[in-house]
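J.: Provided below: final.txt, containing compact mmCIF, C-alpha atoms.
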# COMPACT_ATOMS: atom_id res chain seq x y z
CA MET A 47 62.68 109.01 43.89
CA ALA A 48 62.33 105.70 45.60
CA GLN A 49 63.06 105.74 49.28
CA SER A 50 65.75 103.35 50.53
CA ASP A 51 64.69 100.59 52.82
CA THR A 52 65.48 101.07 56.53
CA ILE A 53 66.91 98.03 58.26
CA THR A 54 66.51 97.83 62.01
CA ARG A 55 68.95 95.56 63.84
CA GLU A 56 68.30 94.30 67.34
CA PRO A 57 71.13 95.01 69.76
CA PRO A 58 72.98 91.89 70.89
CA ALA A 59 71.82 90.36 74.13
CA PRO A 60 74.06 91.40 77.03
CA ALA A 61 76.52 88.73 78.06
CA ALA A 62 76.20 87.29 81.53
CA ILE A 63 78.58 89.11 83.88
CA ASP A 64 80.40 87.22 86.62
CA PRO A 65 80.24 89.46 89.73
CA LYS A 66 83.65 88.20 90.97
CA VAL A 67 85.33 89.02 87.67
CA LEU A 68 83.57 92.40 87.56
CA ARG A 69 84.75 93.21 91.09
CA LYS A 70 88.33 92.43 90.04
CA ALA A 71 88.04 94.65 86.97
CA LEU A 72 86.59 97.52 89.00
CA GLY A 73 89.46 97.08 91.44
CA ALA A 74 91.82 98.29 88.73
CA PHE A 75 90.62 101.80 89.57
CA ALA A 76 92.60 103.19 92.49
CA THR A 77 90.44 104.99 95.04
CA GLY A 78 90.87 106.82 98.29
CA VAL A 79 89.72 105.19 101.51
CA THR A 80 87.03 106.92 103.56
CA ILE A 81 85.15 106.44 106.79
CA VAL A 82 81.57 107.70 106.77
CA THR A 83 79.92 108.45 110.12
CA THR A 84 76.54 109.57 111.39
CA THR A 85 74.29 109.28 114.44
CA GLY A 86 71.63 106.57 114.60
CA ALA A 87 68.02 107.04 115.62
CA ASP A 88 68.92 105.88 119.14
CA GLY A 89 71.65 108.52 119.40
CA GLY A 90 74.45 106.00 119.04
CA ASP A 91 77.48 106.63 116.83
CA VAL A 92 77.53 104.81 113.48
CA GLY A 93 80.49 104.49 111.11
CA LEU A 94 81.89 102.33 108.35
CA THR A 95 84.73 102.16 105.85
CA ALA A 96 83.84 102.97 102.23
CA ASN A 97 85.69 103.67 98.99
CA SER A 98 82.64 104.75 96.94
CA PHE A 99 83.11 108.45 97.68
CA SER A 100 83.06 110.99 94.84
CA SER A 101 82.69 114.70 94.23
CA VAL A 102 79.47 115.75 92.47
CA SER A 103 79.56 119.54 92.27
CA LEU A 104 81.60 122.53 93.44
CA SER A 105 78.77 125.05 93.25
CA PRO A 106 76.81 124.10 95.20
CA PRO A 107 79.38 121.87 96.95
CA MET A 108 78.03 118.32 96.83
CA VAL A 109 79.49 114.83 97.27
CA LEU A 110 78.14 111.30 97.08
CA TRP A 111 78.86 107.82 98.38
CA SER A 112 76.98 104.53 98.30
CA LEU A 113 76.09 101.77 100.75
CA ALA A 114 74.87 98.22 100.14
CA LYS A 115 71.23 97.67 100.97
CA THR A 116 72.26 94.59 102.95
CA SER A 117 74.42 96.67 105.32
CA SER A 118 73.38 96.61 108.97
CA ASN A 119 73.88 100.39 108.96
CA ILE A 120 71.61 101.14 106.00
CA GLU A 121 68.61 102.33 108.05
CA ALA A 122 70.77 104.62 110.20
CA PHE A 123 72.04 106.44 107.11
CA ARG A 124 68.63 106.42 105.41
CA SER A 125 67.14 108.30 108.35
CA ALA A 126 70.13 110.54 109.07
CA ARG A 127 69.91 114.23 108.23
CA HIS A 128 73.69 114.67 108.35
CA PHE A 129 76.81 112.57 107.82
CA ALA A 130 80.58 113.10 107.72
CA VAL A 131 83.06 111.70 105.22
CA HIS A 132 86.69 111.29 106.30
CA ILE A 133 89.43 110.75 103.69
CA LEU A 134 92.01 108.69 105.56
CA ALA A 135 95.71 109.52 105.71
CA ALA A 136 98.37 106.99 104.73
CA ASP A 137 99.10 106.08 108.36
CA GLN A 138 95.43 105.36 109.21
CA GLU A 139 95.20 101.87 107.70
CA SER A 140 94.41 100.39 111.14
CA LEU A 141 91.52 102.84 111.52
CA SER A 142 90.17 101.70 108.16
CA GLY A 143 90.36 98.10 109.33
CA ARG A 144 88.57 98.92 112.57
CA PHE A 145 85.61 100.56 110.80
CA ALA A 146 85.42 97.67 108.32
CA THR A 147 85.08 95.11 111.14
CA LYS A 148 81.62 93.94 112.14
CA GLY A 149 80.41 93.36 115.67
CA ILE A 150 82.76 95.70 117.53
CA ASP A 151 82.48 99.13 119.12
CA LYS A 152 84.27 101.06 116.39
CA PHE A 153 84.44 104.27 118.40
CA ALA A 154 85.85 102.74 121.59
CA GLY A 155 88.74 104.85 122.84
CA LEU A 156 88.53 107.33 119.96
CA GLU A 157 88.38 111.06 120.56
CA VAL A 158 85.76 112.59 118.27
CA GLU A 159 84.46 116.05 117.48
CA ARG A 160 80.71 116.64 117.28
CA GLY A 161 79.01 118.17 114.26
CA HIS A 162 75.39 118.77 113.22
CA ASP A 163 72.97 116.42 115.02
CA ARG A 164 76.02 115.42 117.10
CA ILE A 165 77.45 113.28 114.32
CA PRO A 166 80.92 111.98 115.27
CA MET A 167 83.86 113.38 113.34
CA LEU A 168 87.34 111.83 113.47
CA HIS A 169 90.68 113.63 113.74
CA ASP A 170 93.96 113.64 111.77
CA CYS A 171 92.48 112.70 108.38
CA THR A 172 93.74 114.00 105.05
CA ALA A 173 90.35 115.69 104.59
CA ARG A 174 86.96 115.72 106.30
CA PHE A 175 83.55 116.81 104.99
CA GLU A 176 80.50 117.53 107.13
CA CYS A 177 77.40 117.10 104.98
CA ARG A 178 73.64 117.50 105.00
CA THR A 179 71.83 114.58 103.36
CA THR A 180 70.20 116.03 100.24
CA PHE A 181 69.17 113.10 98.05
CA GLN A 182 68.96 109.33 98.21
CA TYR A 183 68.84 107.25 95.05
CA GLU A 184 68.21 103.56 94.46
CA GLY A 185 71.22 102.23 92.59
CA GLY A 186 70.74 98.50 92.05
CA ASP A 187 71.87 96.70 95.19
CA HIS A 188 73.13 99.97 96.73
CA VAL A 189 71.66 103.23 97.95
CA ILE A 190 73.46 106.35 96.72
CA PHE A 191 73.63 109.18 99.24
CA VAL A 192 74.20 112.73 98.01
CA GLY A 193 75.18 115.36 100.53
CA GLU A 194 75.67 119.10 100.52
CA VAL A 195 79.02 120.05 102.08
CA LEU A 196 78.41 122.35 105.05
CA ASP A 197 81.98 122.49 106.31
CA PHE A 198 85.31 120.80 105.61
CA THR A 199 88.95 120.60 106.68
CA HIS A 200 91.98 119.36 104.77
CA SER A 201 95.74 118.94 105.18
CA GLU A 202 98.83 118.08 103.17
CA ARG A 203 98.97 114.58 104.64
CA SER A 204 99.37 111.87 101.99
CA PRO A 205 96.16 109.82 101.58
CA LEU A 206 95.61 106.10 101.98
CA ILE A 207 94.53 104.46 98.72
CA PHE A 208 92.96 101.14 97.73
CA HIS A 209 93.81 99.29 94.53
CA GLY A 210 93.35 95.70 93.40
CA GLY A 211 92.13 94.57 96.82
CA ARG A 212 95.11 96.05 98.68
CA TYR A 213 95.99 99.23 100.48
CA GLY A 214 98.56 101.50 98.91
CA VAL A 215 100.11 104.92 99.27
CA VAL A 216 100.75 107.86 96.97
CA ILE A 217 104.29 108.68 95.92
CA ARG A 218 104.59 112.14 94.48
CA LYS A 219 106.58 112.64 91.31
CA GLU A 220 109.53 114.92 91.89
CA ALA A 221 111.21 117.40 89.60
CA GLY A 222 114.71 116.38 88.59
CA ARG A 223 117.53 117.30 90.91
CA PRO A 224 120.97 118.44 89.74
CA GLU A 225 123.38 115.58 89.28
CA CYS A 226 126.12 115.23 91.84
CA PRO A 227 129.72 114.36 90.90
CA LEU A 228 130.55 110.65 90.90
CA ALA A 229 133.56 109.29 92.73
CA ASP A 230 133.33 106.08 90.70
CA SER A 231 133.39 106.78 86.97
CA SER A 232 131.91 103.34 86.29
CA LEU A 233 128.61 104.44 87.85
CA SER A 234 125.85 106.63 86.46
CA PRO A 235 123.29 108.75 88.36
CA ASN A 236 120.72 106.43 86.75
CA ASP A 237 122.26 103.36 88.41
CA LEU A 238 120.36 101.94 91.37
CA ILE A 239 123.55 100.92 93.16
CA PHE A 240 124.80 104.52 93.04
CA HIS A 241 121.77 105.88 94.91
CA ILE A 242 121.67 103.02 97.44
CA SER A 243 125.40 103.37 98.16
CA ARG A 244 125.19 107.12 98.47
CA ALA A 245 122.21 106.96 100.86
CA PHE A 246 123.96 104.27 102.93
CA PHE A 247 127.12 106.38 103.17
CA GLN A 248 125.26 109.55 104.15
CA ILE A 249 123.23 107.90 106.90
CA ARG A 250 126.13 105.96 108.43
CA ARG A 251 128.95 108.46 107.95
CA GLU A 252 128.83 109.99 111.45
CA ALA A 253 128.46 106.58 113.09
CA MET A 254 131.48 105.25 111.22
CA GLU A 255 133.53 108.25 112.26
CA GLU A 256 132.56 107.50 115.88
CA ARG A 257 133.50 103.82 115.41
CA ARG A 258 136.95 104.79 114.20
CA ARG A 259 137.32 107.26 117.07
CA ARG A 260 136.67 104.41 119.51
CA GLY A 261 139.28 102.28 117.75
CA TRP A 262 136.88 99.55 116.63
CA THR A 263 137.64 97.63 113.46
CA GLU A 264 134.93 96.75 110.95
CA HIS A 265 135.04 93.17 112.27
CA GLU A 266 134.57 94.29 115.88
CA TYR A 267 131.76 96.64 114.98
CA ALA A 268 130.01 93.85 113.05
CA ALA A 269 130.18 91.53 116.07
CA LEU A 270 128.88 94.20 118.44
CA SER A 271 126.05 95.03 116.03
CA VAL A 272 124.91 91.40 115.98
CA LEU A 273 124.92 91.23 119.77
CA GLY A 274 123.16 94.58 120.00
CA ARG A 275 120.26 93.09 118.07
CA GLU A 276 120.21 89.75 119.89
CA ASP A 277 122.58 89.00 122.73
CA GLY A 278 123.89 85.57 123.66
CA LYS A 279 125.02 84.33 120.24
CA THR A 280 127.85 81.86 119.70
CA VAL A 281 131.02 82.91 117.91
CA ALA A 282 129.97 80.80 114.90
CA GLU A 283 126.50 82.42 114.81
CA ILE A 284 128.00 85.90 115.01
CA ALA A 285 130.36 85.07 112.14
CA ALA A 286 127.48 83.80 109.99
CA LEU A 287 125.16 86.73 110.73
CA SER A 288 127.85 89.33 110.06
CA SER A 289 129.04 87.75 106.82
CA PHE A 290 130.00 90.45 104.35
CA PRO A 291 132.72 90.73 101.67
CA GLY A 292 135.99 91.80 103.32
CA ARG A 293 134.65 91.20 106.82
CA GLN A 294 135.27 88.16 109.01
CA VAL A 295 134.46 87.79 112.68
CA THR A 296 136.94 85.27 114.10
CA PRO A 297 137.57 84.01 117.64
CA GLU A 298 140.49 86.46 117.71
CA VAL A 299 138.09 89.36 117.10
CA ILE A 300 135.89 88.21 119.98
CA ALA A 301 138.97 87.82 122.20
CA GLY A 302 139.95 91.42 121.47
CA LEU A 303 136.48 92.66 122.47
CA ALA A 304 136.63 90.62 125.67
CA GLU A 305 140.02 92.10 126.58
CA ARG A 306 138.56 95.60 126.20
CA GLY A 307 135.66 94.76 128.48
CA LEU A 308 132.96 94.99 125.81
CA VAL A 309 131.87 91.31 125.84
CA THR A 310 132.04 88.24 128.03
CA VAL A 311 132.64 84.74 126.67
CA SER A 312 131.60 81.43 128.19
CA GLY A 313 134.66 79.22 128.55
CA PRO A 314 137.56 79.03 126.10
CA ILE A 315 136.88 81.06 122.96
CA GLY A 316 135.80 78.82 120.10
CA GLY A 317 133.03 78.51 117.54
CA GLY A 318 130.52 77.24 120.12
CA SER A 319 131.33 79.76 122.86
CA GLU A 320 128.45 81.99 123.89
CA VAL A 321 129.16 85.73 123.71
CA ARG A 322 127.30 88.45 125.60
CA LEU A 323 127.66 92.19 125.82
CA THR A 324 128.88 93.71 129.05
CA ALA A 325 127.14 96.80 130.43
CA SER A 326 129.91 98.89 128.85
CA GLY A 327 129.55 97.09 125.52
CA ARG A 328 125.80 97.54 125.45
CA GLN A 329 126.07 101.22 126.30
CA SER A 330 128.64 101.69 123.55
CA ILE A 331 126.55 100.04 120.83
CA ILE A 332 123.43 101.96 121.97
CA GLU A 333 125.36 105.20 121.53
CA ILE A 334 126.37 104.21 117.99
CA ILE A 335 122.81 103.20 117.13
CA ALA A 336 121.55 106.54 118.45
CA ILE A 337 123.92 108.34 116.07
CA ILE A 338 122.63 106.24 113.14
CA LYS A 339 118.99 106.88 114.08
CA ALA A 340 119.62 110.62 114.33
CA SER A 341 121.24 110.61 110.89
CA GLU A 342 118.35 108.55 109.50
CA ALA A 343 115.78 110.98 110.91
CA ASP A 344 117.64 113.89 109.39
CA ALA A 345 117.84 112.17 105.99
CA LEU A 346 114.09 111.45 106.04
CA LYS A 347 112.91 114.79 107.40
CA ASP A 348 111.41 115.80 104.04
CA PHE A 349 109.66 112.44 103.49
CA ASP A 350 106.08 111.83 104.55
CA PHE A 351 104.85 108.63 106.18
CA SER A 352 103.72 106.97 102.96
CA GLU A 353 107.05 107.59 101.23
CA VAL A 354 109.02 106.11 104.12
CA GLN A 355 106.81 103.01 104.23
CA THR A 356 107.07 102.52 100.48
CA LEU A 357 110.85 102.93 100.60
CA ILE A 358 111.14 100.28 103.33
CA GLN A 359 108.92 97.85 101.42
CA LEU A 360 110.84 98.28 98.17
CA LEU A 361 114.22 97.86 99.85
CA ARG A 362 112.96 94.81 101.72
CA ARG A 363 111.93 93.22 98.43
CA LEU A 364 115.18 94.23 96.80
CA SER A 365 117.30 92.73 99.59
CA GLY A 366 115.45 89.43 99.60
CA GLY A 367 113.35 90.01 102.72
CA SER A 368 114.21 87.14 105.06
CA GLN A 369 117.39 85.94 103.35
CA PRO A 370 120.23 85.36 105.85
CA GLY A 371 123.32 87.54 105.84
CA TRP A 372 124.44 90.96 106.97
CA PRO A 373 122.83 92.93 108.50
CA PRO A 374 121.05 90.44 110.79
CA LEU A 375 117.29 90.80 110.90
CA PRO A 376 115.29 90.84 114.16
CA GLN A 377 113.61 87.51 114.91
CA GLN A 378 110.15 88.94 114.15
CA ASP A 379 111.30 90.00 110.68
CA GLN A 380 112.88 86.61 110.05
CA ARG A 381 109.56 84.90 110.78
CA SER A 382 107.37 87.29 108.80
CA GLY A 383 109.68 88.00 105.86
Can you turn what I pasted into structure tokens?
T.:
Amino acid sequence: MAQSDTITREPPAPAAIDPKVLRKALGAFATGVTIVTTTGADGGDVGLTANSFSSVSLSPPMVLWSLAKTSSNIEAFRSARHFAVHILAADQESLSGRFATKGIDKFAGLEVERGHDRIPMLHDCTARFECRTTFQYEGGDHVIFVGEVLDFTHSERSPLIFHGGRYGVVIRKEAGRPECPLADSSLSPNDLIFHISRAFFQIRREAMEERRRRGWTEHEYAALSVLGREDGKTVAEIAALSSFPGRQVTPEVIAGLAERGLVTVSGPIGGGSEVRLTASGRQSIIEIIAIIKASEADALKDFDFSEVQTLIQLLRRLSGGSQPGWPPLPQQDQRSG
């Protein structure tokens, strides 16, 4: 039987890869953010931010991370017998930025714990691994360090993540909660406005009860709230900043507050008159704000830092960020959006 001919095909030549495009594609993979520390040959503390950390083995417990050969810290880690990897928590973004900055004392003012060979170990991280350097591999333009885990700590703190060139946070999926009865039959528990309205009502309910107890109208409370954020506004500015359907701050509203000793007005009350809180007025609005803050803290008691920050960012985007209108934004927020 005649044997069939074997045809050998050469593999296609690899296409040229643009490093910038490759970096962007690799950025699609969300990673945790770590700080790796060790002690240099001179005994000084060394540390840097890295997101190349990965688990290698559970038995024996081993991890790896990589460092560019061009790094000024490469020789310190090449010669180190031990290193520590810190998985940062969601509220440690500034720490990540510090250890990613060149030419500064990254450990200045930081309280550290000392491990093997007196390597510095940071506090309050989501997890921390103290390792013995086991292997070093050449990996292209990086050196891959493999370490045996000698000791570790961990917590339930939500981690800081990095994705697409930006920091991010983890939001845990939650099992469905039982539906609550709806006062408005036109709304559904799946409607965004239902959940926003319900949260708003729950947080402000006690403060509104206190407002009514003090005999303030919605219009008076709106004017006092504006002045509580930034005193010395004109009547026209207060009216514009407190604009809301069904609410209107008029000169008559300001006159009523002045008669009750809550504000002072420069000259005859008109659109251009400057209005300021009295000591009594400021104390009153501070007491209302304290009630709101207490209710807010109670509502958020089961949220972690990352969830609160994400909620604020999403609501800021939803509300238009720096768009004018009620409630008035602090001047810093108006500039930054």
J.: How many Å lie between CA of Thr95 in chain A and CA of Gly193 in chain A, rounded to one decimal?
T.: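 Separation of CA of Thr95 in chain A and CA of Gly193 in chain A: 17.1 Å.
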J.: So the first atom is CA of His162 in chain A and the second is CA of Thr83 in chain A; what is the distance between them in Å, to one decimal place?
T.: 11.7 Å
J.: Quote the spacing between CA of Lys66 in chain A and CA of Ala114 in chain A in Å to one decimal place.
T.: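 Calculated distance between CA of Lys66 in chain A and CA of Ala114 in chain A is 16.2 Å.
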J.: Residues at most 12 Å from Glu184 in chain A, counting all atoms listed in the file, excluding those fewer than 6 positions away in the same chain, as a PyMOL selection string?
T.: chain A and resi 112-115+124+190-192
J.: Can you work out which one of A:Arg212, A:His169, A:His200, A:Arg127 has the shortest atom-to-atom distance to Phe181 in chain A, counting only C-alpha atoms?
T.: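 Comparing A:Arg212, A:His169, A:His200, A:Arg127 against Phe181 in chain A, the winner is A:Arg127.
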J.: Within 12 Å of Ala336 in chain A, counting all atoms listed in the file, which residues qualify if same-chain residues fewer than 6 places away don't, as a VMD selection string?
T.: chain A and resid 249 to 250 252 to 253 256 329 to 330 342 to 343
J.: Write a file of the selected residues as a short mmCIF file (atom, residue, chain, number, x, y, z; two decimals), in the coordinates of the input, keeping C-alpha atoms.
T.:
data_model
loop_
_atom_site.label_atom_id
_atom_site.label_comp_id
_atom_site.auth_asym_id
_atom_site.auth_seq_id
_atom_site.Cartn_x
_atom_site.Cartn_y
_atom_site.Cartn_z
CA ILE A 249 123.23 107.90 106.90
CA ARG A 250 126.13 105.96 108.43
CA GLU A 252 128.83 109.99 111.45
CA ALA A 253 128.46 106.58 113.09
CA GLU A 256 132.56 107.50 115.88
CA GLN A 329 126.07 101.22 126.30
CA SER A 330 128.64 101.69 123.55
CA GLU A 342 118.35 108.55 109.50
CA ALA A 343 115.78 110.98 110.91
#
J.: Which residue gives the smallest distance to Thr263 in chain A among A:Ile358, A:Val299, A:Ile120, A:Ala126, with all atoms listed in the file counted?
T.: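 Closest candidate: A:Val299.
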J.: Please provide the set of residues having any atom within 12 Å of Ser103 in chain A, restricted to only C-alpha atoms, with same-chain residues fewer than 3 positions apart removed, written as a PyMOL selection string.
T.: chain A and resi 100+106-110+192-195
J.: Excluding range 313-317 of chain A and any residue of its chain fewer than 3 positions from it, enumerate the residues within 12 Å of it, using all atoms listed in the file, and give them as number ranges by chain.
T.: A: 279-286, 295-304, 309-310, 320-321
J.: Please write the residues from the selection above to a file, keeping C-alpha atoms, as an mmCIF file, in the coordinates of the input.
T.:
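What landed in out_3.cif:
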data_model
loop_
_atom_site.group_PDB
_atom_site.id
_atom_site.type_symbol
_atom_site.label_atom_id
_atom_site.label_comp_id
_atom_site.auth_asym_id
_atom_site.auth_seq_id
_atom_site.Cartn_x
_atom_site.Cartn_y
_atom_site.Cartn_z
ATOM 1 C CA LYS A 279 125.020 84.330 120.240
ATOM 2 C CA THR A 280 127.850 81.860 119.700
ATOM 3 C CA VAL A 281 131.020 82.910 117.910
ATOM 4 C CA ALA A 282 129.970 80.800 114.900
ATOM 5 C CA GLU A 283 126.500 82.420 114.810
ATOM 6 C CA ILE A 284 128.000 85.900 115.010
ATOM 7 C CA ALA A 285 130.360 85.070 112.140
ATOM 8 C CA ALA A 286 127.480 83.800 109.990
ATOM 9 C CA VAL A 295 134.460 87.790 112.680
ATOM 10 C CA THR A 296 136.940 85.270 114.100
ATOM 11 C CA PRO A 297 137.570 84.010 117.640
ATOM 12 C CA GLU A 298 140.490 86.460 117.710
ATOM 13 C CA VAL A 299 138.090 89.360 117.100
ATOM 14 C CA ILE A 300 135.890 88.210 119.980
ATOM 15 C CA ALA A 301 138.970 87.820 122.200
ATOM 16 C CA GLY A 302 139.950 91.420 121.470
ATOM 17 C CA LEU A 303 136.480 92.660 122.470
ATOM 18 C CA ALA A 304 136.630 90.620 125.670
ATOM 19 C CA VAL A 309 131.870 91.310 125.840
ATOM 20 C CA THR A 310 132.040 88.240 128.030
ATOM 21 C CA GLU A 320 128.450 81.990 123.890
ATOM 22 C CA VAL A 321 129.160 85.730 123.710
#
J.: Using only C-alpha atoms, which of A:Met254, A:Arg306, A:Gln248, A:Ser142 sits nearest Leu346 in chain A?
T.: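 Of all the options, A:Gln248 lies closest to Leu346 in chain A.
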J.: Just checking: using all atoms listed in the file, which residue out of A:Thr172, A:Ser201, A:Thr84, A:Gln359 ends up closest to Asp137 in chain A?
T.: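 Of the candidates, the smallest distance to Asp137 in chain A is held by A:Thr172.
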J.: Between A:Gly149, A:Glu159, A:Ala130, A:Ser105, which residue has the minimum interatomic distance to Arg174 in chain A, considering all atoms listed in the file?
T.: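 The shortest atom-to-atom distance to Arg174 in chain A comes from A:Ala130.
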J.: From the set A:Ala87, A:Glu353, A:Arg251, A:Ala269, which residue has the shortest atom-to-atom contact distance to Lys339 in chain A, counting only C-alpha atoms?
T.: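 Ranking A:Ala87, A:Glu353, A:Arg251, A:Ala269 by distance to Lys339 in chain A, first place goes to A:Arg251.
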J.: So which residues touch Ala173 in chain A within 12 Å, counting all atoms listed in the file, skipping near sequence neighbours fewer than 3 positions away, as a list in words?
T.: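 Everything that qualifies: Gly78, Val79, Thr80, Ile81, Ala130, Val131, His132, Ile133, Leu134, Ala135, Ala136, Met167, Leu168, His169, Asp170, Glu176, Asp197, Phe198, Thr199, His200, Ser201, Glu202, Arg203, Ser204, Pro205 and Leu206 of chain A.
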